[in-house]
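Below is one structure, written out as structure tokens; the observations come after it.
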Amino acid sequence: MFIKNIGRLVTMVPSKGREGLLGVIKNAFIEIKEGKIKRFGENFLIPPNPPLEKGGEGGFLDARGCVVIPGLIDCHTHLVHAGDRSDEFALRARGASYEDIAKAGGGIMSTVKATRAAGEDELLKLAAERAKEALSYGLTTIEVKSGYGLDLETEIKILRVVKKLGPLTKQDFIPTFLGAHAIPKDKERRKYIQEIIEEMLPAVAKEKLAVFCDVFVENIAFSAREAEQILKAAKGHGMGLKIHADQLSSNGGAALAAKLNAVSADHLENVTGEDIAAMAKKKVTAVLIPSSTFFVGGRYADARGMIKSGINVAISTDYNPGTSPILNIWLAANMAVTQLHMTMEEVYKGITVNAARAISIDATHGTVETGKHADLVLLNCKSESEPVYRPDKSFVDKVIKNGEVIYEKS
Ligand code: NIG
Ligand code: FE
């Protein structure tokens, strides 16, 4: 397939002859073969008789001046769950804090209750609806965590749902096991940690249900020492490591991410300067989530400090029913500019290449380069800044996954 008449092709690879840090090529084309990018460049470089121009059918796509960007990647979501938490939102509107609600048995545990009660088909239906909504924003790859089961049966049920999503929506879903999301109310903490290590991790690994293992390191969840035991066991099963780190308070999560060479440390609103330095040294990607601060309050992560230290910063929605019930990555991108004071270039990296880094797919995704997967978003606007500037308006005209149009604005 040829995509021609691209107004601005945002390659995310700056190099000679291209405009700015986003590596923009004006008036461009892309040739796709077998789902991968074969070549790209300025329109006038299109071979004189591309095979399908005359017949047209299936082979030629006129971008009509659209901006084309790499398929967007949300590298941190909790997409699979039942129920919602609008009732708790109403309680918070009257002054209750996120932690108060969690301590009173609400919060994560209320979603756990709903998710345990839901059948696999129901969960799949709910998650597929959310995935399709995410697709309408241009998300071609989504990392999805378990963590609303907190028992073997439900954690496995959630991860099986993640596996079934891809064939349904044609996006890629990267599964992460987050059994260590909270201590279930009915269990003793040492016993639960033992259960994660001795029963859940082996079962998840045996069925190849997770690429990564994540732990919520926080006062209301797991200590860094407990997380270390769990993550070391996960590493033994060949999983990559992630940590929900220093979100509500400073708890050594980021330091542990550095120590264990985790792929990413996520949240980081309360990370210390020392731990930022440790992350930079070990090249741990920071996944920042401005929407969760926007939603629950507290401080925003120090994106500028991290970028200055040389850390690769990704931006994610952290879609979940408790702290960030949003699927719109453009809203997160807008907050990265307005609240985290990131530049447009940094934000675009955050939702493409650096998001790919955060889930270890940067060799194959996240930029427009020869040989990479042809995951692309056509934006009906004049400049790539526009959808970040106006996140409430939909600019996404088409989404292409592995060379196939999988979303078209109706
Ligand atoms: O990423 N921090 C922990 N986990 C989620 C929130 C989960 C919930 O409240 O349901 C998060 O913010
Ligand atoms: Fe999260």
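FYI, nothing fancy with the structure tokens labels: chains A, B, ... in order, residues from 1 per chain, ligands from 1 as they appear.
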Within 9 Å of ligand 1, which residues show up when you count only C-alpha atoms and all ligand atoms? List them as a short mmCIF file (atom, residue, chain, number, x, y, z; two decimals) with N, CA and C atoms, in the first residue's frame, please.
data_model
loop_
_atom_site.label_atom_id
_atom_site.label_comp_id
_atom_site.auth_asym_id
_atom_site.auth_seq_id
_atom_site.Cartn_x
_atom_site.Cartn_y
_atom_site.Cartn_z
N HIS A 76 0.61 2.04 29.97
CA HIS A 76 0.21 1.73 31.36
C HIS A 76 -1.30 1.90 31.48
N THR A 77 -2.03 0.78 31.48
CA THR A 77 -3.47 0.87 31.71
C THR A 77 -3.95 -0.30 32.56
N HIS A 78 -5.11 -0.09 33.14
CA HIS A 78 -5.80 -1.16 33.88
C HIS A 78 -7.15 -1.33 33.16
N ARG A 85 -16.44 3.63 39.59
CA ARG A 85 -16.30 4.16 40.95
C ARG A 85 -16.85 5.58 41.02
N TYR A 98 -8.60 9.70 48.63
CA TYR A 98 -8.41 8.41 47.96
C TYR A 98 -7.99 7.36 48.97
N ALA A 102 -9.88 3.90 50.35
CA ALA A 102 -9.20 2.60 50.25
C ALA A 102 -9.19 1.91 51.61
N GLY A 107 -12.19 1.77 47.09
CA GLY A 107 -11.02 1.88 46.23
C GLY A 107 -10.79 0.62 45.42
N ILE A 108 -9.53 0.21 45.34
CA ILE A 108 -9.19 -0.97 44.54
C ILE A 108 -10.08 -2.15 44.91
N MET A 109 -10.34 -2.34 46.23
CA MET A 109 -11.12 -3.51 46.65
C MET A 109 -12.55 -3.50 46.11
N SER A 110 -13.12 -2.32 45.90
CA SER A 110 -14.49 -2.33 45.37
C SER A 110 -14.49 -2.77 43.90
N THR A 111 -13.45 -2.39 43.16
CA THR A 111 -13.34 -2.87 41.78
C THR A 111 -13.02 -4.37 41.75
N VAL A 112 -12.23 -4.83 42.73
CA VAL A 112 -11.92 -6.26 42.82
C VAL A 112 -13.22 -7.07 43.00
N GLY A 147 -4.76 -7.23 38.21
CA GLY A 147 -4.66 -6.54 39.50
C GLY A 147 -5.99 -6.23 40.15
N TYR A 148 -7.08 -6.54 39.45
CA TYR A 148 -8.39 -6.39 40.09
C TYR A 148 -9.00 -7.77 40.39
N HIS A 181 -1.22 -5.69 43.61
CA HIS A 181 -1.83 -4.36 43.46
C HIS A 181 -2.35 -3.89 44.81
N ALA A 182 -2.80 -4.83 45.63
CA ALA A 182 -3.30 -4.52 46.98
C ALA A 182 -3.30 -5.83 47.75
N VAL A 215 4.41 -4.19 40.54
CA VAL A 215 4.01 -4.18 41.95
C VAL A 215 3.68 -2.73 42.35
N PHE A 216 2.62 -2.56 43.11
CA PHE A 216 2.26 -1.23 43.64
C PHE A 216 3.00 -1.06 44.96
N VAL A 217 4.07 -0.25 44.93
CA VAL A 217 4.85 0.00 46.13
C VAL A 217 4.31 1.27 46.79
N GLU A 218 3.66 1.10 47.94
CA GLU A 218 2.98 2.24 48.58
C GLU A 218 2.57 1.85 49.99
N ALA A 221 -0.22 -0.39 50.07
CA ALA A 221 -0.06 -1.62 49.27
C ALA A 221 1.16 -2.41 49.75
N HIS A 244 4.81 0.46 40.18
CA HIS A 244 4.03 1.67 40.50
C HIS A 244 4.80 2.32 41.65
N ALA A 245 5.54 3.37 41.36
CA ALA A 245 6.53 3.86 42.32
C ALA A 245 6.26 5.28 42.79
N GLN A 247 4.01 7.05 44.14
CA GLN A 247 2.82 7.77 43.63
C GLN A 247 2.23 8.69 44.70
N LEU A 248 1.85 8.12 45.84
CA LEU A 248 1.17 8.92 46.87
C LEU A 248 2.15 9.39 47.93
N ASP A 266 6.74 3.82 37.25
CA ASP A 266 5.58 4.57 36.80
C ASP A 266 5.00 5.42 37.93
N HIS A 267 4.44 6.57 37.57
CA HIS A 267 3.88 7.57 38.49
C HIS A 267 4.96 8.55 38.94
N ILE A 289 2.09 10.15 34.65
CA ILE A 289 0.65 10.03 34.53
C ILE A 289 -0.03 11.28 35.09
N SER A 292 -3.67 11.20 36.66
CA SER A 292 -4.03 10.68 37.99
C SER A 292 -3.85 11.77 39.05
N ASP A 318 -2.89 5.75 32.20
CA ASP A 318 -3.14 4.93 33.39
C ASP A 318 -4.64 4.65 33.51
N TYR A 319 -5.32 4.48 32.37
CA TYR A 319 -6.77 4.26 32.48
C TYR A 319 -7.09 3.28 33.60
N ASN A 320 -7.87 3.67 34.55
CA ASN A 320 -8.37 2.78 35.61
C ASN A 320 -9.57 3.47 36.25
N PRO A 321 -10.43 2.69 36.91
CA PRO A 321 -11.67 3.29 37.41
C PRO A 321 -11.49 4.16 38.66
N GLY A 322 -10.30 4.08 39.30
CA GLY A 322 -10.13 4.79 40.56
C GLY A 322 -9.44 6.13 40.46
N THR A 323 -8.26 6.13 39.81
CA THR A 323 -7.46 7.37 39.82
C THR A 323 -7.37 8.06 38.46
N SER A 324 -7.89 7.41 37.42
CA SER A 324 -7.75 8.03 36.10
C SER A 324 -8.72 7.40 35.09
#
Query raised in the report: Within 9 Å of segment 381-385 of chain A, counting only C-alpha atoms, which residues qualify if same-chain residues fewer than 4 places away don't, as number ranges by chain?
Result: A: 7-8, 10, 65-69, 344, 389-390, 395-396
Requested in this report: Enumerate, as a ChimeraX atom specification, the complete set of residues in segment 304-402 of chain A that a backbone-based DSSP assignment places in alpha helix (DSSP H).
Outcome: /A:304-308,329-338,344-351,353-358,386-389
Query - Spatial neighbours of Ala127 of chain A, max dist 8 Å, only C-alpha atoms, sep filter under 6 positions, as a PyMOL selection string - result: chain A and resi 79-81+165
Report task. Using DSSP on the backbone, list every residue of segment 44-172 of chain A that comes out as strand (DSSP E or B), and give them as a PyMOL selection string. Result -> chain A and resi 60-62+67-70+72-74+139-145+172
Export, as a PDB file, in the first residue's frame, the selected residues with C-alpha atoms.
ATOM      1  CA  PHE A  60      -3.532   3.527  -2.654  1.00  0.00           C
ATOM      2  CA  LEU A  61      -4.573   5.762   0.172  1.00  0.00           C
ATOM      3  CA  ASP A  62      -4.816   9.494  -0.372  1.00  0.00           C
ATOM      4  CA  VAL A  67      -0.692  14.873   9.439  1.00  0.00           C
ATOM      5  CA  VAL A  68       0.563  11.295   9.877  1.00  0.00           C
ATOM      6  CA  ILE A  69       2.143  10.147  13.127  1.00  0.00           C
ATOM      7  CA  PRO A  70       3.266   6.747  14.441  1.00  0.00           C
ATOM      8  CA  LEU A  72       0.134   5.858  19.600  1.00  0.00           C
ATOM      9  CA  ILE A  73       1.107   3.645  22.509  1.00  0.00           C
ATOM     10  CA  ASP A  74      -0.484   3.696  25.952  1.00  0.00           C
ATOM     11  CA  LEU A 139      -3.923   4.014  20.176  1.00  0.00           C
ATOM     12  CA  THR A 140      -2.572   1.009  18.305  1.00  0.00           C
ATOM     13  CA  THR A 141      -0.758  -0.611  21.231  1.00  0.00           C
ATOM     14  CA  ILE A 142      -1.936  -0.773  24.832  1.00  0.00           C
ATOM     15  CA  GLU A 143      -0.262  -2.279  27.866  1.00  0.00           C
ATOM     16  CA  VAL A 144      -2.865  -3.850  30.158  1.00  0.00           C
ATOM     17  CA  LYS A 145      -2.384  -4.871  33.771  1.00  0.00           C
ATOM     18  CA  ASP A 172      -1.675  -5.014  20.190  1.00  0.00           C
TER      19      ASP A 172
END
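Among A:Ala180, A:Val353, A:Ala233, A:Ile193, the residue with the shortest atom-to-atom distance to ligand 2, counting only C-alpha atoms and all ligand atoms, is A:Ala180.
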**Report entry** Nearest-residue call for Gly252 of chain A, choices A:Pro175, A:Pro47, A:Gly240, A:Gly273, using only C-alpha atoms
**Finding:** A:Gly273
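When only C-alpha atoms and all ligand atoms are used to measure the gap to ligand 2, the shortest distance among A:Ile156, A:Ile243, A:Met12, A:Ile101 belongs to A:Ile243.
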Query raised in the report: Can you list, as a PyMOL selection string, every protein, DNA or RNA residue that comes within 7 Å of Val13 of chain A when you count only C-alpha atoms, leaving out same-chain residues fewer than 4 positions away?
Result: chain A and resi 22-23+367
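Among A:Leu288, A:Ala358, A:Val313, A:Ala333, the residue with the shortest atom-to-atom distance to ligand 2, counting only C-alpha atoms and all ligand atoms, is A:Leu288.
Distances from A:Asp397, A:Asp100, A:Gly236, A:Lys372 to Glu34 of chain A were compared using only C-alpha atoms, and the smallest one belongs to A:Lys372.
Distance-wise, atom CA of Tyr407 of chain A and atom CA of Ser394 of chain A end up 13.0 Å apart.
When only C-alpha atoms and all ligand atoms are used to measure the gap to ligand 2, the shortest distance among A:Ala210, A:Ile329, A:Ala278, A:Leu178 belongs to A:Leu178.
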Requested in this report: Take atom CA of His237 of chain A and atom CA of Thr154 of chain A and report the distance between them in Å, one decimal.
Outcome: 20.1 Å
Query raised in the report: Leaving out Glu269 of chain A and any residue of its chain fewer than 3 positions from it, which residues lie within 7 Å of it when counting only C-alpha atoms, given as a PyMOL selection string?
Result: chain A and resi 246-247+299-302
Write the residues of the selection above to a file with N, CA, C and O atoms, as a PDB file, in the first residue's frame.
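The resulting selection.pdb:
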ATOM      1  N   ASP A 246       6.358   5.480  44.092  1.00  0.00           N
ATOM      2  CA  ASP A 246       6.349   6.825  44.678  1.00  0.00           C
ATOM      3  C   ASP A 246       5.170   7.675  44.191  1.00  0.00           C
ATOM      4  O   ASP A 246       5.322   8.857  43.900  1.00  0.00           O
ATOM      5  N   GLN A 247       4.006   7.048  44.135  1.00  0.00           N
ATOM      6  CA  GLN A 247       2.825   7.768  43.633  1.00  0.00           C
ATOM      7  C   GLN A 247       2.234   8.691  44.695  1.00  0.00           C
ATOM      8  O   GLN A 247       2.124   9.890  44.498  1.00  0.00           O
ATOM      9  N   ARG A 299       0.719  16.239  44.177  1.00  0.00           N
ATOM     10  CA  ARG A 299       1.676  16.931  43.314  1.00  0.00           C
ATOM     11  C   ARG A 299       1.871  16.220  41.970  1.00  0.00           C
ATOM     12  O   ARG A 299       1.658  15.024  41.851  1.00  0.00           O
ATOM     13  N   TYR A 300       2.278  16.989  40.988  1.00  0.00           N
ATOM     14  CA  TYR A 300       2.633  16.437  39.682  1.00  0.00           C
ATOM     15  C   TYR A 300       4.082  15.974  39.705  1.00  0.00           C
ATOM     16  O   TYR A 300       4.902  16.509  40.446  1.00  0.00           O
ATOM     17  N   ALA A 301       4.376  14.980  38.888  1.00  0.00           N
ATOM     18  CA  ALA A 301       5.751  14.478  38.809  1.00  0.00           C
ATOM     19  C   ALA A 301       6.674  15.551  38.222  1.00  0.00           C
ATOM     20  O   ALA A 301       6.240  16.383  37.424  1.00  0.00           O
ATOM     21  N   ASP A 302       7.923  15.495  38.614  1.00  0.00           N
ATOM     22  CA  ASP A 302       8.912  16.469  38.161  1.00  0.00           C
ATOM     23  C   ASP A 302       9.496  16.043  36.811  1.00  0.00           C
ATOM     24  O   ASP A 302      10.644  15.579  36.731  1.00  0.00           O
TER      25      ASP A 302
END
Query raised in the report: Interatomic distance between atom CA of Lys208 of chain A and atom CA of Gly179 of chain A?
Result: 15.1 Å
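Residues with any atom within 10 Å of Glu404 of chain A, counting only C-alpha atoms and excluding same-chain neighbours fewer than 6 positions away, are Met1, Ile32, Glu34, Gly35, Gly58, Lys170, Ala374, Asp375 and Leu376 of chain A.
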Written file, previous selection with N, CA and C atoms, as a tab-separated table (two decimals), in the first residue's frame:
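New file out.tsv:
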chain	number	residue	atom	x	y	z
A	1	MET	N	0.84	-1.21	0.00
A	1	MET	CA	0.00	0.00	0.00
A	1	MET	C	0.87	1.26	0.00
A	32	ILE	N	4.07	0.70	2.19
A	32	ILE	CA	3.96	-0.37	3.19
A	32	ILE	C	3.98	-1.71	2.48
A	34	GLU	N	3.79	-5.94	3.42
A	34	GLU	CA	3.61	-6.99	4.42
A	34	GLU	C	3.53	-6.44	5.85
A	35	GLY	N	2.78	-5.36	5.98
A	35	GLY	CA	2.54	-4.83	7.31
A	35	GLY	C	3.66	-3.98	7.89
A	58	GLY	N	-7.46	-0.95	-2.99
A	58	GLY	CA	-6.70	-1.56	-1.91
A	58	GLY	C	-5.26	-1.13	-1.83
A	170	LYS	N	-7.86	-5.83	16.81
A	170	LYS	CA	-6.68	-5.75	15.94
A	170	LYS	C	-5.58	-4.83	16.49
A	374	ALA	N	3.94	-1.01	10.35
A	374	ALA	CA	3.21	0.13	9.77
A	374	ALA	C	1.99	0.43	10.63
A	375	ASP	N	2.25	0.98	11.80
A	375	ASP	CA	1.20	1.45	12.71
A	375	ASP	C	1.18	2.97	12.60
A	376	LEU	N	0.09	3.52	12.08
A	376	LEU	CA	0.07	4.95	11.76
A	376	LEU	C	-1.28	5.56	12.08
